[in-house]
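Next comes target.txt, a file with compact mmCIF, C-alpha atoms.
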# COMPACT_ATOMS: atom_id res chain seq x y z
CA GLY A 1 86.07 142.84 124.37
CA TYR A 2 88.16 143.99 121.45
CA PHE A 3 88.80 140.46 120.21
CA ASP A 4 85.11 139.52 120.25
CA PRO A 5 84.03 139.47 116.58
CA ASP A 6 80.40 139.87 117.70
CA ASN A 7 80.88 143.26 119.33
CA GLY A 8 78.85 144.92 116.59
CA THR A 9 81.73 145.95 114.31
CA ASP A 10 82.59 144.02 111.16
CA ARG A 11 86.33 144.46 110.84
CA THR A 12 88.15 143.52 107.64
CA ARG A 13 91.72 143.81 106.37
CA ASP A 14 92.71 146.25 103.68
CA GLY A 15 91.74 144.87 100.29
CA SER A 16 89.69 142.00 101.73
CA LYS A 17 85.94 141.61 102.09
CA ILE A 18 86.40 138.76 104.56
CA LYS A 19 85.40 139.71 108.10
CA MET A 20 87.94 138.90 110.76
CA SER A 21 87.16 136.13 113.23
CA ALA A 22 88.39 136.16 116.82
CA PHE A 23 91.52 134.35 115.63
CA GLY A 24 91.99 136.88 112.83
CA LEU A 25 91.65 139.78 115.27
CA VAL A 26 94.19 138.26 117.65
CA TRP A 27 96.61 137.61 114.80
CA GLU A 28 96.15 141.16 113.49
CA GLU A 29 97.16 142.49 116.90
CA TYR A 30 99.95 140.10 117.86
CA GLY A 31 101.03 138.28 114.65
CA ILE A 32 104.04 140.46 113.86
CA GLN A 33 105.18 140.31 117.48
CA PHE A 34 104.86 136.52 117.48
CA LEU A 35 106.84 136.15 114.25
CA GLU A 36 109.52 138.49 115.58
CA SER A 37 109.95 136.15 118.53
CA LEU A 38 110.78 133.29 116.15
CA LYS A 39 113.67 135.08 114.46
CA SER A 40 117.21 134.08 115.31
CA ASP A 41 120.64 133.87 113.72
CA VAL A 42 119.80 130.40 112.37
CA ASN A 43 116.20 131.22 111.50
CA ASP A 44 116.33 134.53 109.66
CA PHE A 45 113.35 135.60 107.56
CA ASP A 46 111.38 138.65 106.47
CA VAL A 47 108.75 139.07 109.20
CA SER A 48 106.50 141.32 107.13
CA ASN A 49 106.49 138.96 104.15
CA ALA A 50 106.03 135.84 106.30
CA ASN A 51 103.10 137.56 107.98
CA LYS A 52 101.54 138.36 104.59
CA ILE A 53 101.98 134.76 103.44
CA PHE A 54 100.52 133.34 106.65
CA ILE A 55 97.48 135.63 106.46
CA GLU A 56 96.82 134.82 102.79
CA ASP A 57 97.42 131.08 103.10
CA PHE A 58 95.77 130.43 106.45
CA VAL A 59 94.28 133.26 108.52
CA ILE A 60 91.81 134.52 105.91
CA GLY A 61 90.60 130.96 105.38
CA VAL A 62 89.91 130.61 109.10
CA ASP A 63 88.14 133.98 109.08
CA ALA A 64 86.00 133.05 106.08
CA ASP A 65 85.04 129.67 107.52
CA ASP A 66 84.15 131.17 110.89
CA ASN A 67 81.99 133.87 109.29
CA GLY A 68 80.31 131.66 106.71
CA GLN A 69 82.00 133.46 103.82
CA VAL A 70 83.65 131.97 100.75
CA HIS A 71 87.28 132.68 100.04
CA LYS A 72 88.74 130.86 97.05
CA GLY A 73 92.17 132.43 97.29
CA ALA A 74 93.47 130.61 100.35
CA HIS A 75 94.57 127.00 99.96
CA TYR A 76 92.81 126.30 103.20
CA CYS A 77 91.20 123.13 104.52
CA SER A 78 88.53 123.80 107.10
CA ILE A 79 90.28 123.57 110.44
CA GLY A 80 86.96 124.63 111.96
CA GLN A 81 85.29 121.49 110.66
CA ILE A 82 88.14 119.32 111.90
CA ILE A 83 87.96 120.82 115.38
CA VAL A 84 84.18 120.48 115.52
CA ARG A 85 84.61 116.76 114.94
CA THR A 86 86.51 116.49 118.24
CA ASN A 87 83.28 117.31 120.11
CA PRO A 88 81.74 114.45 122.07
CA THR A 89 79.10 112.47 120.23
CA TRP A 90 75.62 111.97 121.67
CA ASP A 91 76.44 108.43 122.82
CA ASP A 92 79.82 108.86 124.56
CA ASN A 93 80.61 109.93 128.11
CA ASP A 94 83.31 112.51 127.38
CA SER A 95 82.70 116.08 128.42
CA PHE A 96 83.10 119.06 126.11
CA ASP A 97 85.98 120.20 128.34
CA ASP A 98 87.82 116.92 127.81
CA ARG A 99 87.39 117.12 124.05
CA PHE A 100 88.32 120.80 124.05
CA GLU A 101 91.84 119.78 125.10
CA ASP A 102 91.99 117.51 122.04
CA ALA A 103 90.78 120.36 119.84
CA CYS A 104 93.48 122.67 121.23
CA ALA A 105 96.15 120.05 120.58
CA ILE A 106 95.07 119.77 116.93
CA ALA A 107 94.90 123.54 116.56
CA ASP A 108 98.42 123.87 118.03
CA ILE A 109 99.85 121.42 115.47
CA VAL A 110 98.13 123.11 112.54
CA PHE A 111 99.14 126.58 113.72
CA ASP A 112 102.79 125.62 114.24
CA ASN A 113 102.96 123.94 110.81
CA GLU A 114 101.40 126.91 109.03
CA ILE A 115 103.85 129.31 110.69
CA ARG A 116 106.75 127.03 109.76
CA MET A 117 105.55 126.87 106.15
CA ALA A 118 105.09 130.65 105.88
CA ILE A 119 108.65 131.26 107.12
CA SER A 120 110.02 128.58 104.79
CA LYS A 121 108.14 130.10 101.84
CA ASP A 122 109.61 133.51 102.56
CA LYS A 123 113.12 132.04 102.60
CA SER A 124 112.55 130.20 99.31
CA ILE A 125 111.28 133.38 97.63
CA ARG A 126 114.46 135.23 98.56
CA ILE A 127 116.63 132.41 97.17
CA ILE A 128 114.61 132.31 93.93
CA GLU A 129 114.87 136.09 93.54
CA GLU A 130 118.66 135.95 93.94
CA GLU A 131 118.94 133.20 91.33
CA LEU A 132 116.61 135.08 88.97
CA GLU A 133 118.82 138.16 89.15
CA LEU A 134 121.84 135.98 88.40
CA SER A 135 120.09 134.39 85.40
CA ILE A 136 119.26 137.83 83.99
CA LYS A 137 122.83 139.00 84.51
CA LYS A 138 124.23 135.88 82.78
CA ASP A 139 121.48 135.86 80.11
CA ILE A 140 120.57 132.22 80.75
CA LYS A 141 117.18 130.53 80.77
CA TYR A 142 117.57 128.32 83.81
CA ILE A 143 118.20 128.77 87.51
CA VAL A 144 120.17 126.60 89.90
CA PHE A 145 119.39 125.71 93.52
CA ASP A 146 121.72 124.15 96.08
CA GLN A 147 118.82 121.91 97.07
CA TYR A 148 115.26 121.42 95.89
CA LEU A 149 112.78 124.01 97.07
CA PRO A 150 109.21 124.81 95.94
CA HIS A 151 109.49 127.29 93.09
CA HIS A 152 106.88 126.75 90.39
CA GLN A 153 104.22 129.12 91.73
CA TYR A 154 106.59 132.01 92.29
CA ILE A 155 108.28 131.64 88.90
CA ILE A 156 104.93 131.38 87.10
CA ASP A 157 103.52 134.45 88.88
CA ASN A 158 106.66 136.59 88.48
CA HIS A 159 107.00 138.26 85.04
CA LYS A 160 110.71 138.73 85.72
CA ALA A 161 110.95 134.95 85.43
CA ASP A 162 109.18 134.60 82.08
CA HIS A 163 112.50 133.64 80.47
CA ILE A 164 113.11 130.69 82.83
CA LEU A 165 112.54 127.33 81.15
CA TYR A 166 114.22 124.93 83.59
CA THR A 167 115.46 124.60 87.13
CA ILE A 168 118.51 122.55 88.12
CA TYR A 169 119.08 121.16 91.62
CA PRO A 170 120.72 118.17 93.40
CA SER A 171 118.66 115.01 93.10
CA ALA A 172 116.66 114.02 96.16
CA TYR A 173 116.72 110.38 95.05
CA THR A 174 120.23 109.59 93.82
CA ALA A 175 123.16 111.00 95.78
CA GLY A 176 125.48 113.00 93.57
CA ASP A 177 123.08 113.27 90.63
CA TRP A 178 121.40 116.47 89.47
CA SER A 179 117.77 116.89 88.46
CA ILE A 180 116.48 119.17 85.71
CA GLN A 181 112.81 120.14 85.77
CA ALA A 182 110.80 122.04 83.16
CA ILE A 183 108.65 124.97 84.30
CA PRO A 184 104.91 124.41 83.77
CA ILE A 185 102.69 126.97 82.04
CA LYS A 186 100.58 127.09 85.20
CA PRO A 187 100.59 125.19 88.52
CA GLY A 188 99.45 121.60 88.19
CA ALA A 189 99.31 121.78 84.39
CA ASN A 190 100.83 119.16 82.10
CA GLU A 191 101.91 121.86 79.66
CA TYR A 192 105.38 123.29 80.03
CA ARG A 193 107.38 126.22 78.73
CA GLN A 194 109.77 123.78 77.12
CA LEU A 195 110.07 120.02 77.32
CA PHE A 196 113.00 117.79 76.50
CA PRO A 197 113.03 116.74 72.83
CA PRO A 198 110.72 113.85 71.88
CA HIS A 199 113.48 111.53 70.63
CA ILE A 200 115.18 111.31 74.04
CA ARG A 201 112.10 110.98 76.25
CA GLY A 202 111.86 107.76 78.22
CA LEU A 203 115.54 106.94 77.70
CA TYR A 204 118.06 105.90 80.36
CA LYS A 205 121.82 106.07 80.81
CA GLY A 206 123.55 104.41 77.88
CA GLU A 207 120.69 105.21 75.52
CA LEU A 208 121.11 108.99 75.71
CA PRO A 209 123.50 111.11 73.57
CA ASN A 210 125.61 112.02 76.60
CA LYS A 211 126.94 109.15 78.73
CA ASN A 212 126.45 111.23 81.89
CA TRP A 213 122.77 111.90 81.25
CA THR A 214 120.99 109.26 83.30
CA PHE A 215 117.26 109.60 82.62
CA ILE A 216 114.58 111.54 80.76
CA HIS A 217 111.00 111.16 81.95
CA PRO A 218 108.68 109.72 79.26
CA SER A 219 106.60 112.92 79.43
CA GLY A 220 109.66 115.09 78.87
CA PHE A 221 109.34 117.39 81.88
CA LEU A 222 112.09 115.88 84.06
CA GLY A 223 115.64 114.70 83.48
CA SER A 224 118.75 113.81 85.45
CA ALA A 225 122.51 113.86 84.99
CA LYS A 226 125.56 112.70 86.90
CA THR A 227 127.09 116.16 87.33
CA TYR A 228 125.99 119.78 87.43
CA GLU A 229 127.96 120.49 84.24
CA ASP A 230 126.16 117.68 82.42
CA ALA A 231 122.81 118.95 83.70
CA VAL A 232 123.58 122.31 82.09
CA LYS A 233 124.57 120.54 78.86
CA LEU A 234 121.21 118.73 78.88
CA VAL A 235 119.36 122.04 79.25
CA GLU A 236 121.38 123.59 76.42
CA TYR A 237 120.80 120.53 74.23
CA SER A 238 117.06 120.85 74.78
CA MET A 239 116.97 124.59 74.11
CA ASN A 240 118.97 124.19 70.89
CA TYR A 241 116.84 121.35 69.59
CA GLN A 242 114.86 122.13 66.44
CA ILE A 243 111.75 120.23 65.40
CA PRO A 244 112.44 118.60 62.01
CA GLU A 245 110.63 120.27 59.14
CA LEU A 246 109.49 117.28 57.11
CA ASP A 247 107.74 117.68 53.76
CA GLY A 248 104.08 116.78 54.04
CA ILE A 249 104.30 115.94 57.79
CA ASP A 250 103.05 118.15 60.57
CA PRO A 251 106.28 119.08 62.43
CA THR A 252 104.36 119.65 65.67
CA LEU A 253 103.60 115.94 65.98
CA ASP A 254 105.97 113.17 66.87
CA GLU A 255 104.41 109.74 67.19
CA SER A 256 107.66 107.76 67.19
CA ARG A 257 107.64 107.47 70.99
CA GLY A 258 103.89 107.55 71.42
CA TYR A 259 103.72 111.20 72.52
CA ARG A 260 102.26 114.23 70.90
CA PHE A 261 104.59 117.19 70.77
CA ARG A 262 103.45 120.76 70.37
CA ARG A 263 105.59 123.84 69.88
CA PHE A 264 104.22 127.20 70.97
CA ASN A 265 105.17 130.06 68.67
CA THR A 266 106.36 132.65 71.20
CA GLY A 267 109.29 134.42 69.64
CA ASP A 268 112.71 132.94 70.31
CA THR A 269 111.48 130.57 73.00
CA ASN A 270 110.13 127.18 71.98
CA LYS A 271 107.36 126.29 74.37
CA GLN A 272 106.42 122.66 74.12
CA SER A 273 103.94 120.33 75.71
CA THR A 274 102.70 116.77 75.68
CA GLU A 275 99.04 116.10 75.17
Would you mind giving the structure from this file in structure tokens?
Amino acid sequence: GYFDPDNGTDRTRDGSKIKMSAFGLVWEEYGIQFLESLKSDVNDFDVSNANKIFIEDFVIGVDADDNGQVHKGAHYCSIGQIIVRTNPTWDDNDSFDDRFEDACAIADIVFDNEIRMAISKDKSIRIIEEELELSIKKDIKYIVFDQYLPHHQYIIDNHKADHILYTIYPSAYTAGDWSIQAIPIKPGANEYRQLFPPHIRGLYKGELPNKNWTFIHPSGFLGSAKTYEDAVKLVEYSMNYQIPELDGIDPTLDESRGYRFRRFNTGDTNKQSTE
């Protein structure tokens, strides 16, 4: 039938060389309709964008694995391999039908989680975009969230966010506190657009210049404060910090706390990293 990938026609999506598997064909036909069914007053999201995210993050990976193709773009772990491992082994008495029910149960969990993550990602993107617009309007180099949400990838990929150095959000660990996190140069990297100054890294409340600053991570990428206002002051303190120009000493190095400190020459923005 139409959803049989072996019917003699290699069907692909626009812009992709990955052939669609049976799952991909079914999703292509019914995915939007399925996502529409999940919308509600308390679960509002952009169906088209969630569909795009789900296809890129999951469906294409399933298609590629099923067709023996390589797709490096999707952060996909082989669900096909996981399901194959539910098959009965040569020395047990289970039937393939019995194990097929186990495989379906696993596939249901993975599918539901991937849909949930795609919808959540769409919601987070809309929040980030709103805060980005506000930062541009206010001419500030940080954005604020009401709660933590994944943001690094979108900020790094979005040229409109090139000016963002930090994010501020309520701490997930200490009730009432606020966290301040530096934006990395790229996902997973230990280089950041701007770190906290070397002389306050690794310090705790009472050791820091402001009594309401509670902690600076030794690597300089994370800090915390007792209030939102003090979190903003910490960001401003960091952005206004100038590396001392000492005669005969390389100003890009600071060994006093055991960390190397590098400043990137990128106009009016000091990009710093530990090495």
What's the separation between CA of Ile156 in chain A and CA of Gly188 in chain A, in Å to one decimal place? 11.3 Å
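The space separating CA of Asp157 in chain A from CA of Thr12 in chain A comes to 25.9 Å.
Using all atoms listed in the file, the smallest distance between any of A:Ile119, A:Leu165, A:Ile183, A:Ala107 and Ala50 in chain A comes from A:Ile119.
Of note, CA of Ser135 in chain A and CA of Tyr166 in chain A are spaced 11.3 Å apart.
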When you look at His152 in chain A with a cut-off of 9 Å (counting all atoms listed in the file), what residues show up, excluding the ones that are within fewer than 6 positions of it in the same chain? I need them as a PyMOL selection string. chain A and resi 183-184+186-187
Mind writing the picked residues with C-alpha atoms as a PDB file, in the coordinates of the input?
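Result saved to selection.pdb:
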ATOM      1  CA  ILE A 183     108.650 124.970  84.300  1.00  0.00           C
ATOM      2  CA  PRO A 184     104.910 124.410  83.770  1.00  0.00           C
ATOM      3  CA  LYS A 186     100.580 127.090  85.200  1.00  0.00           C
ATOM      4  CA  PRO A 187     100.590 125.190  88.520  1.00  0.00           C
TER       5      PRO A 187
END
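For the set A:Ala161, A:Leu203, A:Gln33, A:Phe221, the residue with the smallest atom-to-atom gap to Asn190 in chain A is A:Phe221, counting only C-alpha atoms.
Nearest residue to Ile18 in chain A, choosing from A:Val47, A:Leu38, A:Val70, A:Met239 and counting all atoms listed in the file: A:Val70.
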Counting only C-alpha atoms, note down every residue that has an atom within 8 Å of the point (108.0, 115.3, 82.0) (file coordinates), as a compact mmCIF listing (two decimals) with C-alpha atoms, keeping the file's coordinate frame.
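Output file part.txt follows:
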# COMPACT_ATOMS: atom_id res chain seq x y z
CA GLN A 181 112.81 120.14 85.77
CA ALA A 182 110.80 122.04 83.16
CA LEU A 195 110.07 120.02 77.32
CA PHE A 196 113.00 117.79 76.50
CA ILE A 216 114.58 111.54 80.76
CA HIS A 217 111.00 111.16 81.95
CA PRO A 218 108.68 109.72 79.26
CA SER A 219 106.60 112.92 79.43
CA GLY A 220 109.66 115.09 78.87
CA PHE A 221 109.34 117.39 81.88
CA LEU A 222 112.09 115.88 84.06
CA GLY A 223 115.64 114.70 83.48
If we count only C-alpha atoms, what is near Pro197 in chain A at a cut-off of 7 Å, once residues fewer than 3 positions away on the same chain are taken out, given as a ChimeraX atom specification? /A:200-201,238,241
As JSON, numbers by chain, please: the residues near His163 in chain A (cut-off 10 Å, all atoms listed in the file, same-chain neighbours under 3 positions excluded). {"A": [132, 135, 136, 139, 140, 141, 142, 155, 159, 160, 166, 193, 269]}
Using all atoms listed in the file, which residues sit within 6 Å of range 175-177 of chain A once same-chain residues fewer than 6 positions away are excluded, as a ChimeraX atom specification? /A:225-227
Here's a test: counting only C-alpha atoms, identify every protein, DNA and RNA residue with an atom at most 9 Å from (106.1, 124.8, 98.1) in the file's coordinate frame, and state them as a CSV table (one decimal) with C-alpha atoms, in the coordinates of the input.
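New file point_32.csv:
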chain,number,residue,atom,x,y,z
A,117,MET,CA,105.6,126.9,106.2
A,120,SER,CA,110.0,128.6,104.8
A,121,LYS,CA,108.1,130.1,101.8
A,124,SER,CA,112.6,130.2,99.3
A,149,LEU,CA,112.8,124.0,97.1
A,150,PRO,CA,109.2,124.8,95.9
A,151,HIS,CA,109.5,127.3,93.1
A,152,HIS,CA,106.9,126.8,90.4
A,153,GLN,CA,104.2,129.1,91.7
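Distances from A:Asp146, A:Glu207, A:Asp112, A:Asp63 to Phe34 in chain A were compared using only C-alpha atoms, and the smallest one belongs to A:Asp112.
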What's around Leu35 in chain A at 12 Å? Count only C-alpha atoms, leave out sequence neighbours fewer than 6 positions away in its own chain, and write the answer as JSON, numbers by chain. {"A": [27, 28, 29, 43, 44, 45, 46, 47, 48, 49, 50, 51, 52, 53, 54, 112, 114, 115, 116, 118, 119]}
